[in-house]
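This is query_35.cif. It holds mmCIF, C-alpha atoms.
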```
data_upload
loop_
_atom_site.label_atom_id
_atom_site.label_comp_id
_atom_site.auth_asym_id
_atom_site.auth_seq_id
_atom_site.Cartn_x
_atom_site.Cartn_y
_atom_site.Cartn_z
CA MET A 1 11.27 -3.69 16.66
CA ARG A 2 13.77 -4.98 14.10
CA TRP A 3 13.77 -3.37 10.65
CA ALA A 4 15.01 -4.21 7.19
CA PHE A 5 15.72 -1.31 4.84
CA ILE A 6 14.96 -1.96 1.18
CA GLY A 7 16.99 0.60 -0.75
CA ALA A 8 20.26 2.26 0.27
CA SER A 9 18.81 5.67 -0.53
CA THR A 10 19.63 9.24 0.42
CA ILE A 11 16.45 9.60 2.50
CA ALA A 12 17.19 6.34 4.30
CA GLY A 13 20.68 7.48 5.22
CA GLU A 14 19.94 11.12 6.03
CA TRP A 15 16.69 10.65 7.96
CA MET A 16 15.29 7.17 8.47
CA VAL A 17 18.15 5.34 10.20
CA ALA A 18 18.14 7.96 12.95
CA ALA A 19 14.33 8.02 13.09
CA VAL A 20 14.09 4.26 13.59
CA ARG A 21 16.79 4.30 16.27
CA SER A 22 15.12 7.22 18.05
CA ALA A 23 12.17 4.89 18.70
CA GLY A 24 14.48 2.32 20.31
CA ASP A 25 14.34 0.10 17.23
CA GLU A 26 17.16 -1.58 15.33
CA VAL A 27 18.02 -1.55 11.64
CA VAL A 28 19.16 -5.13 11.08
CA VAL A 29 19.85 -5.23 7.34
CA VAL A 30 19.94 -3.04 4.26
CA VAL A 31 19.09 -4.57 0.88
CA SER A 32 20.12 -3.10 -2.47
CA GLY A 33 20.38 -4.61 -5.94
CA ASP A 34 23.96 -3.31 -5.86
CA LEU A 35 25.65 -5.32 -3.11
CA ALA A 36 28.62 -2.94 -2.94
CA ARG A 37 26.23 -0.06 -2.36
CA ALA A 38 24.43 -2.04 0.37
CA ARG A 39 27.71 -2.85 2.10
CA ALA A 40 28.88 0.76 1.95
CA PHE A 41 25.57 1.94 3.42
CA ALA A 42 25.71 -0.69 6.18
CA ASN A 43 29.29 0.23 7.08
CA SER A 44 28.51 3.93 7.10
CA HIS A 45 25.52 3.54 9.42
CA GLY A 46 26.63 0.68 11.65
CA ILE A 47 24.16 -1.87 10.30
CA ALA A 48 25.10 -5.52 10.85
CA HIS A 49 23.95 -7.02 7.55
CA ALA A 50 23.95 -6.06 3.87
CA ALA A 51 22.32 -8.07 1.09
CA ALA A 52 21.52 -7.91 -2.61
CA ASP A 53 18.38 -10.06 -2.36
CA GLU A 54 15.29 -9.73 -0.19
CA ALA A 55 15.33 -13.48 0.34
CA ALA A 56 17.76 -12.73 3.17
CA LEU A 57 14.92 -11.26 5.24
CA ALA A 58 13.38 -14.61 6.09
CA SER A 59 16.33 -15.67 8.27
CA LEU A 60 17.10 -12.38 10.06
CA GLY A 61 14.11 -12.12 12.40
CA VAL A 62 12.90 -8.73 11.22
CA ASP A 63 9.50 -7.33 12.16
CA ALA A 64 9.08 -4.52 9.62
CA ILE A 65 10.52 -3.19 6.40
CA TYR A 66 11.11 0.36 5.21
CA ILE A 67 11.09 0.74 1.42
CA SER A 68 12.89 3.59 -0.35
CA SER A 69 13.89 1.98 -3.63
CA THR A 70 12.74 3.54 -6.90
CA ASN A 71 8.96 3.63 -7.26
CA GLU A 72 8.49 0.87 -9.83
CA LYS A 73 10.14 -1.61 -7.42
CA HIS A 74 7.88 -0.94 -4.43
CA GLU A 75 5.14 -3.40 -5.28
CA ALA A 76 7.33 -6.50 -5.38
CA SER A 77 8.92 -5.58 -2.05
CA VAL A 78 5.57 -4.98 -0.35
CA LEU A 79 4.10 -8.24 -1.63
CA HIS A 80 7.16 -10.14 -0.42
CA ALA A 81 7.01 -8.48 3.00
CA ALA A 82 3.31 -9.26 3.34
CA SER A 83 3.99 -12.90 2.51
CA LEU A 84 6.46 -12.97 5.44
CA GLY A 85 4.02 -11.25 7.81
CA LEU A 86 6.12 -8.09 8.10
CA HIS A 87 4.76 -4.60 8.70
CA VAL A 88 5.48 -2.15 5.87
CA LEU A 89 6.46 1.52 5.76
CA CYS A 90 6.79 2.59 2.13
CA GLU A 91 7.99 5.78 0.51
CA LYS A 92 5.77 7.77 -1.81
CA PRO A 93 4.49 7.58 -4.42
CA LEU A 94 3.57 4.02 -3.53
CA ALA A 95 3.82 2.90 -7.15
CA THR A 96 3.59 4.19 -10.71
CA SER A 97 0.02 2.93 -11.22
CA LEU A 98 -3.12 2.80 -9.11
CA ALA A 99 -3.54 -0.91 -9.81
CA ALA A 100 -0.11 -1.69 -8.35
CA ALA A 101 -0.67 0.53 -5.32
CA GLN A 102 -4.00 -1.11 -4.63
CA ARG A 103 -2.49 -4.60 -4.86
CA MET A 104 0.04 -3.55 -2.22
CA VAL A 105 -2.67 -2.36 0.16
CA GLN A 106 -4.74 -5.49 -0.40
CA ALA A 107 -1.78 -7.83 0.20
CA CYS A 108 -1.03 -6.20 3.55
CA ALA A 109 -4.71 -6.29 4.55
CA ARG A 110 -4.92 -10.00 3.75
CA ALA A 111 -1.73 -10.69 5.71
CA GLY A 112 -2.99 -8.71 8.72
CA VAL A 113 0.04 -6.40 8.77
CA VAL A 114 0.13 -2.61 9.05
CA MET A 115 1.01 -0.67 5.91
CA GLY A 116 2.08 2.95 6.25
CA THR A 117 2.93 5.52 3.59
CA ASN A 118 5.85 7.71 4.65
CA HIS A 119 4.10 11.05 4.12
CA HIS A 120 6.39 12.87 6.52
CA LEU A 121 5.00 16.41 6.14
CA ARG A 122 1.83 15.62 8.11
CA HIS A 123 4.10 15.03 11.10
CA ASN A 124 5.49 18.55 11.33
CA SER A 125 4.31 21.00 13.95
CA ALA A 126 2.91 23.50 11.43
CA HIS A 127 0.66 20.96 9.72
CA ARG A 128 -0.62 19.68 13.05
CA GLN A 129 -1.40 23.19 14.32
CA MET A 130 -3.08 24.15 11.05
CA ARG A 131 -5.28 21.07 11.26
CA ASP A 132 -6.20 21.91 14.87
CA LYS A 133 -7.14 25.50 14.00
CA ILE A 134 -9.29 24.31 11.10
CA GLN A 135 -11.03 21.66 13.19
CA GLN A 136 -11.71 24.25 15.93
CA GLY A 137 -13.48 26.42 13.35
CA ALA A 138 -11.03 29.30 13.76
CA LEU A 139 -11.03 29.99 10.00
CA GLY A 140 -14.81 29.89 9.61
CA ARG A 141 -16.00 28.43 6.30
CA LEU A 142 -12.99 27.37 4.25
CA VAL A 143 -12.80 28.84 0.76
CA SER A 144 -9.32 28.31 -0.69
CA ALA A 145 -5.82 26.96 -0.25
CA ARG A 146 -2.47 27.54 -1.92
CA VAL A 147 0.52 25.21 -1.99
CA ASN A 148 3.83 26.60 -3.24
CA HIS A 149 6.03 23.51 -3.44
CA SER A 150 8.56 24.40 -6.10
CA VAL A 151 12.18 23.76 -5.13
CA TYR A 152 15.50 23.11 -6.82
CA LEU A 153 16.35 19.43 -7.06
CA PRO A 154 19.86 19.02 -5.59
CA ALA A 155 22.59 17.78 -7.93
CA HIS A 156 22.99 14.48 -6.06
CA LEU A 157 19.30 13.72 -6.67
CA GLN A 158 19.27 14.66 -10.35
CA GLY A 159 19.26 11.06 -11.55
CA TRP A 160 16.20 8.91 -12.20
CA ARG A 161 13.80 11.68 -11.07
CA LEU A 162 14.76 13.65 -14.17
CA LYS A 163 15.59 10.83 -16.57
CA ASP A 164 13.54 7.69 -15.93
CA LYS A 165 9.79 7.98 -16.47
CA GLY A 166 9.36 4.25 -15.89
CA ALA A 167 10.75 4.60 -12.36
CA GLY A 168 8.22 7.31 -11.57
CA GLY A 169 10.34 10.28 -12.59
CA GLY A 170 8.97 13.76 -13.10
CA VAL A 171 7.94 16.40 -10.62
CA VAL A 172 4.25 15.49 -10.44
CA LEU A 173 4.66 11.98 -9.03
CA ASP A 174 7.48 13.18 -6.80
CA ILE A 175 5.86 16.25 -5.26
CA ALA A 176 2.11 16.38 -6.04
CA VAL A 177 1.61 13.36 -3.78
CA HIS A 178 3.02 15.43 -0.89
CA ASN A 179 0.60 18.24 -1.64
CA ALA A 180 -2.38 15.91 -1.90
CA ASP A 181 -1.64 14.29 1.45
CA SER A 182 -0.88 17.59 3.17
CA LEU A 183 -4.20 19.11 2.10
CA ALA A 184 -6.10 15.93 2.97
CA PHE A 185 -4.50 15.92 6.43
CA LEU A 186 -5.55 19.53 7.03
CA LEU A 187 -8.96 19.53 5.37
CA GLY A 188 -10.16 15.97 5.95
CA GLU A 189 -11.01 15.55 2.26
CA TYR A 190 -9.40 14.80 -1.09
CA PRO A 191 -10.03 16.65 -4.37
CA THR A 192 -12.67 15.42 -6.77
CA GLU A 193 -11.47 17.27 -9.88
CA VAL A 194 -8.19 18.74 -11.15
CA VAL A 195 -7.07 21.01 -13.98
CA ALA A 196 -3.35 21.16 -14.73
CA MET A 197 -0.56 22.30 -16.99
CA THR A 198 3.03 21.04 -16.99
CA SER A 199 6.22 22.25 -18.62
CA ASN A 200 9.85 21.31 -19.11
CA SER A 201 12.43 24.00 -18.42
CA GLY A 202 15.33 21.84 -19.60
CA MET A 203 16.23 19.99 -16.41
CA ALA A 204 14.24 16.82 -17.11
CA GLU A 205 14.53 14.50 -20.09
CA GLY A 206 11.22 13.67 -21.75
CA MET A 207 9.07 14.60 -18.76
CA GLU A 208 7.89 17.57 -16.74
CA ASP A 209 10.00 19.48 -14.23
CA ASN A 210 7.30 22.07 -13.48
CA ALA A 211 3.54 21.76 -12.92
CA MET A 212 0.69 24.00 -11.83
CA SER A 213 -2.82 22.82 -11.08
CA VAL A 214 -6.14 23.78 -9.50
CA TRP A 215 -8.05 21.24 -7.43
CA ARG A 216 -11.74 21.26 -6.45
CA PHE A 217 -12.78 19.60 -3.18
CA PRO A 218 -16.18 18.15 -2.15
CA SER A 219 -16.77 21.04 0.28
CA GLY A 220 -16.42 23.55 -2.56
CA LEU A 221 -12.94 24.71 -1.55
CA THR A 222 -10.49 25.19 -4.42
CA ALA A 223 -6.72 24.88 -4.11
CA PHE A 224 -3.84 26.04 -6.27
CA THR A 225 -0.73 23.85 -6.22
CA HIS A 226 2.68 24.48 -7.76
CA GLN A 227 5.19 21.64 -8.05
CA GLY A 228 8.66 22.31 -9.44
CA PHE A 229 12.24 21.08 -9.54
CA ASN A 230 13.62 24.22 -11.19
CA THR A 231 13.40 27.17 -8.75
CA PRO A 232 16.53 27.54 -6.59
CA PHE A 233 15.35 30.74 -4.86
CA ALA A 234 11.64 30.11 -4.33
CA ASP A 235 10.03 29.97 -0.91
CA VAL A 236 7.87 26.93 -0.20
CA GLY A 237 4.67 27.37 1.73
CA LEU A 238 1.10 26.37 2.43
CA GLU A 239 -1.87 28.67 3.02
CA VAL A 240 -5.49 28.00 3.96
CA HIS A 241 -8.07 30.77 3.85
CA GLY A 242 -11.54 30.98 5.36
CA THR A 243 -14.28 33.52 5.96
CA GLN A 244 -13.02 34.29 9.48
CA GLY A 245 -9.28 33.75 9.31
CA SER A 246 -6.21 32.67 7.35
CA LEU A 247 -3.23 30.44 8.05
CA LYS A 248 0.06 30.99 6.24
CA GLY A 249 3.00 28.64 6.61
CA VAL A 250 6.34 29.56 5.03
CA GLY A 251 9.23 27.10 4.78
CA ILE A 252 7.14 24.27 6.24
CA LEU A 253 7.38 21.86 3.29
CA HIS A 254 10.97 20.79 3.91
CA GLN A 255 12.24 17.60 5.51
CA GLY A 256 13.34 19.39 8.65
CA PRO A 257 11.10 20.93 11.36
CA ASP A 258 11.69 24.50 10.26
CA GLY A 259 9.58 27.39 8.97
CA ARG A 260 7.06 29.89 10.26
CA LEU A 261 3.30 29.74 10.75
CA ASP A 262 1.07 32.82 11.05
CA PHE A 263 -2.63 33.04 11.91
CA LYS A 264 -4.54 36.17 10.87
CA ASN A 265 -8.12 37.17 11.68
CA ALA A 266 -10.10 40.28 12.58
CA GLN A 267 -8.18 40.64 15.84
CA GLY A 268 -4.81 40.81 14.09
CA GLU A 269 -1.93 38.50 13.18
CA GLN A 270 0.10 36.20 15.40
CA ALA A 271 2.97 33.81 14.88
CA LEU A 272 2.20 30.35 16.22
CA PRO A 273 5.10 28.59 17.99
CA LEU A 274 6.45 25.51 16.23
CA ASP A 275 8.17 22.62 17.97
CA GLN A 276 11.40 21.19 16.61
CA VAL A 277 10.50 17.50 16.70
CA ASP A 278 11.99 15.54 13.80
CA LEU A 279 9.25 14.70 11.28
CA TYR A 280 10.52 11.21 10.52
CA SER A 281 10.98 10.30 14.17
CA ARG A 282 7.40 11.37 14.84
CA GLY A 283 6.35 9.29 11.84
CA VAL A 284 8.02 6.14 13.20
CA GLN A 285 6.37 6.76 16.58
CA ASN A 286 2.98 6.96 14.85
CA PHE A 287 3.80 3.78 12.91
CA HIS A 288 4.32 2.04 16.27
CA ARG A 289 0.96 3.39 17.46
CA ALA A 290 -0.73 2.04 14.35
CA ILE A 291 0.74 -1.42 14.97
CA GLN A 292 -0.48 -1.27 18.58
CA GLY A 293 -4.00 -0.33 17.44
CA LEU A 294 -3.79 3.12 19.08
CA PRO A 295 -4.94 6.46 17.59
CA HIS A 296 -2.28 7.79 15.23
CA ASP A 297 -1.52 10.29 12.46
CA MET A 298 0.32 7.87 10.18
CA ALA A 299 -0.73 7.91 6.54
CA ASP A 300 -1.91 4.35 5.90
CA GLY A 301 -1.63 2.49 2.62
CA GLN A 302 -4.96 3.78 1.38
CA ALA A 303 -3.80 7.36 1.97
CA GLY A 304 -0.87 6.53 -0.30
CA VAL A 305 -3.26 5.22 -2.95
CA ARG A 306 -5.32 8.39 -2.77
CA SER A 307 -2.37 10.78 -3.02
CA LEU A 308 -1.16 8.81 -6.06
CA ALA A 309 -4.63 9.03 -7.62
CA VAL A 310 -4.46 12.84 -7.38
CA ALA A 311 -1.00 12.98 -8.95
CA LEU A 312 -2.03 10.71 -11.82
CA ALA A 313 -5.10 12.88 -12.44
CA VAL A 314 -2.83 15.95 -12.60
CA LEU A 315 -0.72 14.22 -15.25
CA GLU A 316 -3.79 13.16 -17.21
CA SER A 317 -5.20 16.69 -17.16
CA ALA A 318 -1.92 18.16 -18.38
CA GLN A 319 -1.68 15.57 -21.16
CA THR A 320 -5.28 15.91 -22.35
CA GLY A 321 -5.89 19.60 -21.73
CA ARG A 322 -9.12 18.75 -19.91
CA SER A 323 -10.51 18.82 -16.41
CA VAL A 324 -10.14 15.33 -14.91
CA ALA A 325 -12.25 13.69 -12.20
CA VAL A 326 -10.00 11.95 -9.68
CA GLN A 327 -10.65 8.21 -9.51
CA TYR A 328 -10.17 6.66 -6.06
CA PRO A 329 -10.24 2.84 -6.07
CA GLY A 330 -11.75 0.94 -3.17
CA ALA A 331 -9.67 -0.79 -0.53
CA ALA A 332 -11.40 -4.17 -0.21
CA ALA A 333 -9.02 -7.10 0.21
#
```

Rewrite the structure of this file - the entire thing - as structure tokens.
Amino acid sequence: MRWAFIGASTIAGEWMVAAVRSAGDEVVVVVSGDLARARAFANSHGIAHAAADEAALASLGVDAIYISSTNEKHEASVLHAASLGLHVLCEKPLATSLAAAQRMVQACARAGVVMGTNHHLRHNSAHRQMRDKIQQGALGRLVSARVNHSVYLPAHLQGWRLKDKGAGGGVVLDIAVHNADSLAFLLGEYPTEVVAMTSNSGMAEGMEDNAMSVWRFPSGLTAFTHQGFNTPFADVGLEVHGTQGSLKGVGILHQGPDGRLDFKNAQGEQALPLDQVDLYSRGVQNFHRAIQGLPHDMADGQAGVRSLAVALAVLESAQTGRSVAVQYPGAAA
């Protein structure tokens, strides 16, 4: 499969070029509004073409696009790709509004192309084993979950995420979508209600760099989630607790396949072995399976809409000081 990359981003360079090539695919062109940046990216990664305009895609024989531009630009790129009949893999959050995200999903549905949301965490070994244990009933009745996803935003990423609210800046849109998709992948359900508080420790300009929230799920389970850009020494992790057992993953919310996963029940505690398969490579493989109509673990476009809905509800709760019911729009084309 031949790919176009929209956005000469850090994630594209560090992870996605290699992931696409690991599937036997080719990155044909990179597009950036800054042509010099596109050319530098293409030269660095051995990509044949660089362009400043997505109009170039029509003549290059590409089959799919990967989008990692800033969030407010995603919609236009997805609509253009759908009009060309190209499959779409888009970074998260899909957009800065639910209406825009839903238009993206609907355009791809009408065009008959596959739309995936690049929720990479669901492709790591720990998440997959946690889901299996839960589905096997090893935890009994689930009662609670905790997500500690507070990190320190590296200096080279301290740009629009801390300064440009219109581009989708702020820690909630950046990280809460990960937490929503991770819990949905494990639990098979999305929260119905959230209560949240946010704060600014001085890193961000006019927006939050720290957020804590509690989410209620249809089954009755409640989850605590912590999103932050301002904790250089914090451990990230994900826990799920039930009446018969608990799962605790430490260091499993990174981009690499690292970390530790422990299962504890009445018989004792054991470390579960984790494979070292690259999350993004596994994601591209699942994207292929989705295109072929095979069973897959790829987050589709609607999963991206739902994770965005949770993040927006977190922001609304923090702004209003009230509990907020999460609104999930339909997916009809």

Given the PyMOL selection byres ((chain A and resi 50) around 8), the residues it picks as a PyMOL selection string | chain A and resi 29-32+35+38-39+42+47-49+51-52

Any idea what's packed within 10 Å of Gly188 (chain A), counting all atoms listed in the file, ignoring anything in its chain fewer than 6 positions away? Could you give it as a ChimeraX atom specification?
-> /A:131,134-135,181-182

Would you mind listing what lies within 7 Å of region 295-310 of chain A as a list in words, with all atoms listed in the file counted and same-chain residues fewer than 2 positions away left out?
-> Lys92, Pro93, Leu94, Leu98, Ala101, Gln102, Val105, Met115, Gly116, Thr117, Asn118, His119, Val177, Ala180, Asp181, Gly283, Asn286, Phe287, Arg289, Ala290, Gly293, Leu312, Ala313, Val314, Val326, Gln327, Tyr328 and Ala331 of chain A

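The smallest atom-to-atom distance between Gly259 (chain A) and any of A:Ala204, A:Ala126, A:Val172, A:Ala234, using only C-alpha atoms, is found for A:Ala126.
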
Residue contacts of Leu153 (chain A) (9 Å, all atoms listed in the file) excluding same-chain residues fewer than 6 positions away, as a ChimeraX atom specification | /A:228-232

Would you translate the PyMOL selection byres ((chain A and resi 249) around 8) into the concrete set of residues it matches in this file, as a count of residues only?
-> 13

To verify the selection step, state as a short mmCIF file (atom, residue, chain, number, x, y, z; two decimals) with C-alpha atoms, in the frame of the given file which residues the PyMOL selection byres ((chain A and resi 84) around 10) yields on this input.
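This went into expr.cif:
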```
data_model
loop_
_atom_site.label_atom_id
_atom_site.label_comp_id
_atom_site.auth_asym_id
_atom_site.auth_seq_id
_atom_site.Cartn_x
_atom_site.Cartn_y
_atom_site.Cartn_z
CA LEU A 57 14.92 -11.26 5.24
CA ALA A 58 13.38 -14.61 6.09
CA VAL A 62 12.90 -8.73 11.22
CA ASP A 63 9.50 -7.33 12.16
CA ALA A 64 9.08 -4.52 9.62
CA VAL A 78 5.57 -4.98 -0.35
CA LEU A 79 4.10 -8.24 -1.63
CA HIS A 80 7.16 -10.14 -0.42
CA ALA A 81 7.01 -8.48 3.00
CA ALA A 82 3.31 -9.26 3.34
CA SER A 83 3.99 -12.90 2.51
CA GLY A 85 4.02 -11.25 7.81
CA LEU A 86 6.12 -8.09 8.10
CA HIS A 87 4.76 -4.60 8.70
CA ALA A 111 -1.73 -10.69 5.71
CA VAL A 113 0.04 -6.40 8.77
#
```
